[in-house]
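Peer 1: Next comes protein04.txt, compact mmCIF, C-alpha atoms:
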```
# COMPACT_ATOMS: atom_id res chain seq x y z
CA MET G 1 -68.39 -103.77 -25.43
CA ASN G 2 -68.28 -105.49 -22.05
CA ASP G 3 -71.85 -106.46 -21.08
CA SER G 4 -71.61 -105.03 -17.55
CA ILE G 5 -70.33 -101.72 -18.94
CA ARG G 6 -73.15 -101.61 -21.50
CA LYS G 7 -75.83 -102.21 -18.84
CA SER G 8 -74.26 -99.63 -16.53
CA LYS G 9 -74.23 -96.99 -19.29
CA GLN G 10 -77.85 -97.71 -20.17
CA ARG G 11 -78.91 -97.39 -16.54
CA ARG G 12 -77.03 -94.12 -16.02
CA TRP G 13 -78.48 -92.67 -19.23
CA SER G 14 -82.04 -93.59 -18.21
CA GLU G 15 -81.53 -92.05 -14.77
CA SER G 16 -80.10 -88.92 -16.39
CA LYS G 17 -83.13 -88.54 -18.66
CA ALA G 18 -85.50 -88.77 -15.71
CA HIS G 19 -83.47 -86.22 -13.78
CA SER G 20 -83.47 -83.85 -16.79
CA SER G 21 -87.27 -83.94 -16.94
CA TRP G 22 -87.52 -82.70 -13.35
CA GLN G 23 -84.84 -80.09 -13.98
CA ILE G 24 -87.12 -78.38 -16.51
CA PHE G 25 -89.51 -77.35 -13.73
CA LYS G 26 -86.72 -75.98 -11.54
CA ILE G 27 -85.34 -74.00 -14.47
CA MET G 28 -88.77 -72.58 -15.33
CA ALA G 29 -89.29 -71.55 -11.71
CA GLU G 30 -85.97 -69.67 -11.66
CA PHE G 31 -86.87 -67.81 -14.87
CA VAL G 32 -90.34 -66.85 -13.58
CA ASP G 33 -89.07 -65.66 -10.21
CA GLY G 34 -86.24 -63.68 -11.81
CA PHE G 35 -88.42 -62.02 -14.45
CA GLU G 36 -91.07 -61.03 -11.91
CA ALA G 37 -88.54 -59.55 -9.47
CA LEU G 38 -86.34 -57.66 -11.94
CA ALA G 39 -89.09 -56.28 -14.17
CA LYS G 40 -90.22 -54.12 -11.23
CA ILE G 41 -86.87 -52.50 -10.55
CA GLY G 42 -86.27 -50.22 -13.52
CA PRO G 43 -83.04 -49.26 -15.32
CA CYS G 44 -79.96 -50.89 -13.83
CA ILE G 45 -76.24 -51.23 -14.45
CA SER G 46 -74.53 -54.56 -13.85
CA VAL G 47 -71.11 -54.53 -12.21
CA PHE G 48 -68.82 -57.56 -12.57
CA GLY G 49 -65.47 -58.33 -11.00
CA SER G 50 -63.51 -60.60 -8.71
CA ALA G 51 -65.05 -62.16 -5.61
CA ARG G 52 -61.55 -62.13 -4.09
CA THR G 53 -61.10 -58.34 -3.97
CA GLN G 54 -60.98 -57.32 -0.30
CA PRO G 55 -62.36 -54.16 1.34
CA GLY G 56 -59.68 -51.49 1.31
CA HIS G 57 -58.19 -52.70 -1.97
CA PRO G 58 -58.12 -49.89 -4.58
CA PHE G 59 -60.46 -51.83 -6.90
CA TYR G 60 -62.94 -52.40 -4.07
CA GLU G 61 -63.03 -48.71 -3.23
CA LEU G 62 -63.19 -47.74 -6.92
CA THR G 63 -66.13 -50.09 -7.46
CA THR G 64 -67.95 -48.55 -4.51
CA ALA G 65 -67.39 -45.04 -5.87
CA ILE G 66 -68.50 -45.98 -9.40
CA SER G 67 -71.67 -47.68 -8.18
CA ARG G 68 -72.48 -44.80 -5.87
CA LYS G 69 -72.24 -42.25 -8.67
CA LEU G 70 -74.33 -44.40 -11.02
CA ALA G 71 -76.96 -44.79 -8.29
CA GLU G 72 -77.00 -41.04 -7.75
CA GLU G 73 -77.80 -40.70 -11.46
CA GLY G 74 -80.86 -42.89 -11.00
CA PHE G 75 -79.60 -46.34 -11.95
CA GLY G 76 -80.06 -49.43 -9.86
CA ILE G 77 -76.98 -51.62 -9.44
CA ILE G 78 -76.97 -55.36 -10.13
CA SER G 79 -74.13 -57.55 -8.91
CA GLY G 80 -73.55 -61.26 -8.61
CA GLY G 81 -74.55 -60.93 -4.98
CA GLY G 82 -71.35 -62.28 -3.44
CA PRO G 83 -68.24 -60.79 -1.80
CA GLY G 84 -65.40 -58.77 -3.29
CA VAL G 85 -66.26 -56.45 -6.17
CA MET G 86 -69.87 -57.63 -5.98
CA GLU G 87 -70.11 -56.48 -2.39
CA ALA G 88 -68.50 -53.15 -3.24
CA ALA G 89 -71.03 -52.61 -6.04
CA ASN G 90 -73.99 -53.22 -3.75
CA LYS G 91 -72.45 -51.05 -1.05
CA GLY G 92 -72.07 -48.19 -3.52
CA ALA G 93 -75.66 -48.60 -4.65
CA GLN G 94 -76.93 -48.19 -1.10
CA LEU G 95 -74.64 -45.22 -0.43
CA GLY G 96 -76.00 -43.56 -3.56
CA GLY G 97 -79.63 -44.19 -2.64
CA GLY G 98 -80.20 -46.59 -5.51
CA LYS G 99 -81.70 -50.03 -5.82
CA SER G 100 -79.19 -52.71 -4.81
CA VAL G 101 -79.75 -56.08 -6.51
CA GLY G 102 -77.89 -59.34 -5.95
CA LEU G 103 -78.13 -62.32 -8.31
CA ASN G 104 -76.52 -64.98 -6.18
CA ILE G 105 -75.35 -68.37 -7.43
CA GLU G 106 -74.90 -71.56 -5.41
CA LEU G 107 -71.17 -72.42 -5.48
CA PRO G 108 -69.03 -74.78 -3.38
CA PHE G 109 -66.64 -71.94 -2.44
CA GLU G 110 -66.28 -68.14 -2.38
CA GLN G 111 -69.95 -67.26 -2.82
CA HIS G 112 -72.22 -65.99 -0.07
CA ALA G 113 -74.70 -63.13 -0.13
CA ASN G 114 -73.19 -59.81 0.90
CA PRO G 115 -74.98 -57.56 3.44
CA TYR G 116 -75.59 -54.61 1.08
CA ILE G 117 -78.33 -56.15 -1.08
CA ASP G 118 -81.89 -54.89 -0.70
CA ARG G 119 -83.99 -57.55 1.01
CA ASP G 120 -86.54 -57.65 -1.80
CA ALA G 121 -83.84 -57.87 -4.48
CA ASN G 122 -81.71 -60.75 -3.19
CA LEU G 123 -82.26 -63.53 -5.71
CA HIS G 124 -80.71 -66.99 -5.64
CA PHE G 125 -79.99 -69.20 -8.65
CA GLU G 126 -78.80 -72.74 -9.10
CA TYR G 127 -78.17 -72.44 -12.84
CA PHE G 128 -75.55 -70.10 -14.29
CA PHE G 129 -77.36 -69.76 -17.61
CA VAL G 130 -80.61 -68.57 -15.97
CA ARG G 131 -78.65 -66.03 -13.95
CA LYS G 132 -76.91 -64.80 -17.11
CA VAL G 133 -80.26 -64.18 -18.79
CA MET G 134 -81.29 -62.00 -15.84
CA PHE G 135 -78.12 -59.93 -16.12
CA THR G 136 -78.39 -59.44 -19.86
CA LYS G 137 -82.14 -58.80 -20.09
CA TYR G 138 -82.43 -56.14 -17.42
CA SER G 139 -79.08 -54.31 -17.45
CA GLN G 140 -78.77 -51.02 -19.31
CA GLY G 141 -75.00 -51.10 -19.06
CA PHE G 142 -72.14 -53.31 -17.92
CA VAL G 143 -69.16 -52.26 -15.84
CA MET G 144 -66.33 -54.78 -15.90
CA MET G 145 -63.95 -54.43 -12.98
CA PRO G 146 -60.78 -56.54 -12.82
CA GLY G 147 -61.64 -60.18 -12.23
CA GLY G 148 -60.89 -63.78 -13.07
CA PHE G 149 -62.41 -66.46 -15.28
CA GLY G 150 -65.97 -65.61 -14.24
CA THR G 151 -65.54 -61.95 -15.15
CA MET G 152 -64.00 -62.89 -18.50
CA ASP G 153 -66.89 -65.25 -19.16
CA GLU G 154 -69.40 -62.49 -18.45
CA PHE G 155 -67.49 -59.95 -20.55
CA PHE G 156 -67.29 -62.16 -23.62
CA GLU G 157 -70.90 -63.29 -23.17
CA VAL G 158 -72.12 -59.69 -23.25
CA ILE G 159 -69.96 -58.52 -26.13
CA THR G 160 -70.94 -61.60 -28.17
CA LEU G 161 -74.64 -60.94 -27.62
CA ILE G 162 -74.22 -57.32 -28.69
CA GLN G 163 -72.00 -58.18 -31.66
CA THR G 164 -74.48 -60.75 -32.97
CA GLY G 165 -77.51 -58.53 -32.43
CA LYS G 166 -79.09 -60.86 -29.87
CA MET G 167 -79.36 -57.95 -27.47
CA LEU G 168 -79.39 -54.20 -27.86
CA GLN G 169 -76.14 -52.29 -27.79
CA VAL G 170 -75.57 -50.85 -24.32
CA PRO G 171 -72.53 -49.30 -22.62
CA LEU G 172 -69.84 -51.91 -21.99
CA ILE G 173 -67.04 -50.40 -19.93
CA LEU G 174 -63.77 -52.01 -18.85
CA VAL G 175 -62.43 -50.31 -15.73
CA GLY G 176 -58.66 -50.27 -15.25
CA THR G 177 -56.43 -49.50 -18.22
CA ASP G 178 -53.47 -51.39 -16.77
CA TYR G 179 -55.57 -54.50 -16.18
CA TRP G 180 -57.48 -54.64 -19.47
CA SER G 181 -55.13 -53.08 -22.02
CA GLY G 182 -53.25 -56.32 -22.67
CA LEU G 183 -56.45 -58.17 -23.53
CA VAL G 184 -57.75 -55.34 -25.70
CA SER G 185 -54.41 -55.10 -27.50
CA TRP G 186 -54.47 -58.86 -28.14
CA MET G 187 -57.99 -58.63 -29.55
CA HIS G 188 -56.89 -55.80 -31.84
CA GLU G 189 -53.57 -57.23 -33.00
CA THR G 190 -54.29 -60.96 -33.02
CA MET G 191 -58.04 -61.48 -33.32
CA HIS G 192 -58.54 -58.62 -35.77
CA LYS G 193 -55.32 -57.87 -37.64
CA GLN G 194 -53.64 -61.27 -37.78
CA ALA G 195 -56.58 -63.68 -37.87
CA SER G 196 -59.44 -61.47 -39.11
CA ASN G 197 -61.76 -63.18 -36.64
CA ILE G 198 -63.47 -59.95 -35.64
CA SER G 199 -64.25 -56.72 -37.47
CA PRO G 200 -62.70 -53.34 -36.61
CA GLU G 201 -66.06 -51.99 -35.45
CA ASP G 202 -66.45 -54.84 -32.96
CA LEU G 203 -63.88 -53.20 -30.72
CA ASP G 204 -65.95 -50.01 -30.80
CA LEU G 205 -68.52 -51.86 -28.67
CA LEU G 206 -66.39 -51.36 -25.56
CA LYS G 207 -64.84 -48.45 -23.68
CA ILE G 208 -61.97 -48.32 -21.20
CA ALA G 209 -62.19 -46.05 -18.15
CA ASP G 210 -60.21 -45.44 -14.98
CA THR G 211 -62.37 -43.15 -12.85
CA PRO G 212 -65.98 -43.04 -11.65
CA GLU G 213 -66.47 -39.81 -13.58
CA GLU G 214 -65.39 -41.45 -16.85
CA VAL G 215 -67.72 -44.40 -16.32
CA VAL G 216 -70.72 -42.21 -15.57
CA ALA G 217 -69.92 -39.95 -18.52
CA HIS G 218 -69.87 -42.93 -20.92
CA VAL G 219 -73.23 -44.15 -19.62
CA LEU G 220 -74.94 -40.76 -19.69
CA GLU G 221 -73.57 -39.90 -23.14
CA PHE G 222 -74.93 -43.16 -24.52
CA TYR G 223 -78.40 -42.55 -23.10
CA THR G 224 -78.67 -39.06 -24.50
CA LYS G 225 -78.99 -40.88 -27.86
CA HIS G 226 -80.72 -44.13 -26.95
CA PRO G 227 -83.87 -45.04 -24.96
CA LEU G 228 -83.78 -46.98 -21.71
CA GLN G 229 -85.50 -50.32 -22.27
CA PRO G 230 -85.09 -54.07 -21.62
CA ASN G 231 -82.55 -55.59 -23.98
CA PHE G 232 -84.69 -58.35 -25.51
```
Please rewrite the model in this file as structure tokens.
Peer 2:
Amino acid sequence: MNDSIRKSKQRRWSESKAHSSWQIFKIMAEFVDGFEALAKIGPCISVFGSARTQPGHPFYELTTAISRKLAEEGFGIISGGGPGVMEAANKGAQLGGGKSVGLNIELPFEQHANPYIDRDANLHFEYFFVRKVMFTKYSQGFVMMPGGFGTMDEFFEVITLIQTGKMLQVPLILVGTDYWSGLVSWMHETMHKQASNISPEDLDLLKIADTPEEVVAHVLEFYTKHPLQPNF
């Protein structure tokens, strides 16, 4: 190996190790602040979806209606804190008289806190994985609106945690048959039937809905049989 390259790599690695040591304290602080804030709020439903969905779009208005009805049933609403579907979720929470929580993440584009988050429930995170823990620990259900890579990441994160028993089973609802049916069909035909990479009962962990009434019915039916409690 070229000597200058070797010395450069050693220097960068040493600097990286020092930086990682300081990161530990920032990560711990985010966990502590998140746990303390969310533990006080009570049962919540997390709503995920695209940051690019504009007010007036059918999915924006549907998200607002779903969140409002869930809030009227006594659930707080947790969103990623940004625009689009996240904004619609927080707006619905306030319209329904429920707690409106935003778990914001620092991003170079798209993300800024929306105006419908309760002032005492507007949390900011630097690390995606800390933010994910907050969603999964304190949410008693997950509503997946149409979205992009981030929404898919959150969906598969949640269903994996439930499938592997790392968190309790909770309602996991995909909203929009036209949007989600292709993915669900692929999981059934390819992941299950062709490759045997999942079990038939794994697909029972999710529901598909199209209306606010269907979403609320799934959530309420589940909690007639299960207690409301933190997931782990």
Peer 1: Give me the residues near stretch 214-224 of chain G as a ChimeraX atom specification, where near means some atom within 9 Å (using only C-alpha atoms) and where sequence neighbours in that chain fewer than 5 positions away do not count.
Peer 2: /G:66,69-70,73,140-141,143,170-175,207-209
Peer 1: With distances taken over only C-alpha atoms, which of G:Phe129, G:Gln229, G:Pro43, G:Gly92 is nearest to G:Met167?
Peer 2: G:Gln229
Peer 1: Rounded to one decimal place, report the atom CA of G:Thr64-atom CA of G:Ala88 distance in Å.
Peer 2: 4.8 Å
Peer 1: If we count all atoms listed in the file, what is near stretch 158-165 of chain G at a cut-off of 8 Å, once residues fewer than 6 positions away on the same chain are taken out, given as an NGL selection string?
Peer 2: :G and (136 or 172 or 202 or 205)
Peer 1: Tell me which protein, DNA and RNA residues are within 7 Å of G:Leu123, counting only C-alpha atoms, leaving out same-chain ones fewer than 3 positions away, and put them as a PyMOL selection string.
Peer 2: chain G and resi 102-104
Peer 1: Record the distance separating atom CA of G:Glu61 and atom CA of G:Ile77, expressed in Å with one decimal.
Peer 2: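 One can read the atom CA of G:Glu61 to atom CA of G:Ile77 distance as 15.5 Å.
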Peer 1: Give the answer as one residue: which of G:Thr211, G:Asn122, G:Thr177, G:Ser20 has the shortest atom-to-atom distance to G:Asp33, using all atoms listed in the file?
Peer 2: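 Residue with the minimum atom-to-atom distance to G:Asp33: G:Asn122.
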Peer 1: So how many Å separate atom CA of G:Arg119 and atom CA of G:Val32, to one decimal?
Peer 2: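 Taking atom CA of G:Arg119 as the start and atom CA of G:Val32 as the end point, the length is 18.4 Å.
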Peer 1: With distances taken over all atoms listed in the file, which residue among G:Pro55, G:Gln94, G:Tyr127, G:Pro115 lies nearest G:Ala29?
Peer 2: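 Distance minimum relative to G:Ala29 lands on G:Tyr127.
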Peer 1: Tell me which of G:Ile41, G:Ala51, G:Ile27, G:Val130 sits closest to G:Ser100, counting all atoms listed in the file.
Peer 2: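 The shortest atom-to-atom distance to G:Ser100 comes from G:Ile41.
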Peer 1: Return the single residue from G:Gly49, G:Gly147, G:Gly34, G:Pro230 that is closest to G:Met86, with distances computed using all atoms listed in the file.
Peer 2: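 Of all the options, G:Gly49 lies closest to G:Met86.
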Peer 1: Which residue out of G:Asn90, G:Lys99, G:Gln194, G:Phe156 has the minimum interatomic distance to G:Asn114 when all atoms listed in the file are used?
Peer 2: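 Looking at the shortest contact to G:Asn114, the residue is G:Asn90.
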Peer 1: Using all atoms listed in the file, what residues lie at most 9 Å away from (-82.4, -62.3, -14.8) (file coordinates), given as an MDAnalysis selection string?
Peer 2: chainID G and resid 30:31 33:35 37:38 103 130:138
Peer 1: Each residue of stretch 33-104 of chain G lying at most 12 Å from stretch 148-155 of chain G should get a row with its shortest atom-to-atom pair and the distance in Å to one decimal, counting only C-alpha atoms; could you produce that, ordered by chain and increasing number, as CSV?
Peer 2:
```
residue,atom,partner,partner_atom,distance
G:Ser46,CA,G:Glu154,CA,10.5
G:Val47,CA,G:Thr151,CA,9.7
G:Phe48,CA,G:Thr151,CA,6.1
G:Gly49,CA,G:Thr151,CA,5.5
G:Ser50,CA,G:Gly148,CA,6.0
G:Ala51,CA,G:Gly148,CA,8.7
G:Arg52,CA,G:Gly148,CA,9.2
G:Thr53,CA,G:Gly148,CA,10.6
G:Ser79,CA,G:Thr151,CA,11.5
G:Gly80,CA,G:Thr151,CA,10.4
G:Gly84,CA,G:Gly148,CA,11.9
G:Val85,CA,G:Thr151,CA,10.6
G:Met86,CA,G:Thr151,CA,11.0
```
Peer 1: Would you kindly return, as a list in words, each protein, DNA or RNA residue with an atom no farther than 8 Å from any atom of G:Gly98, considering only C-alpha atoms and excluding same-chain residues fewer than 6 positions away?
Peer 2: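 In the requested form, the answer reads Arg68, Ala71, Glu72, Gly74, Phe75, Gly76 and Ile77 of chain G.
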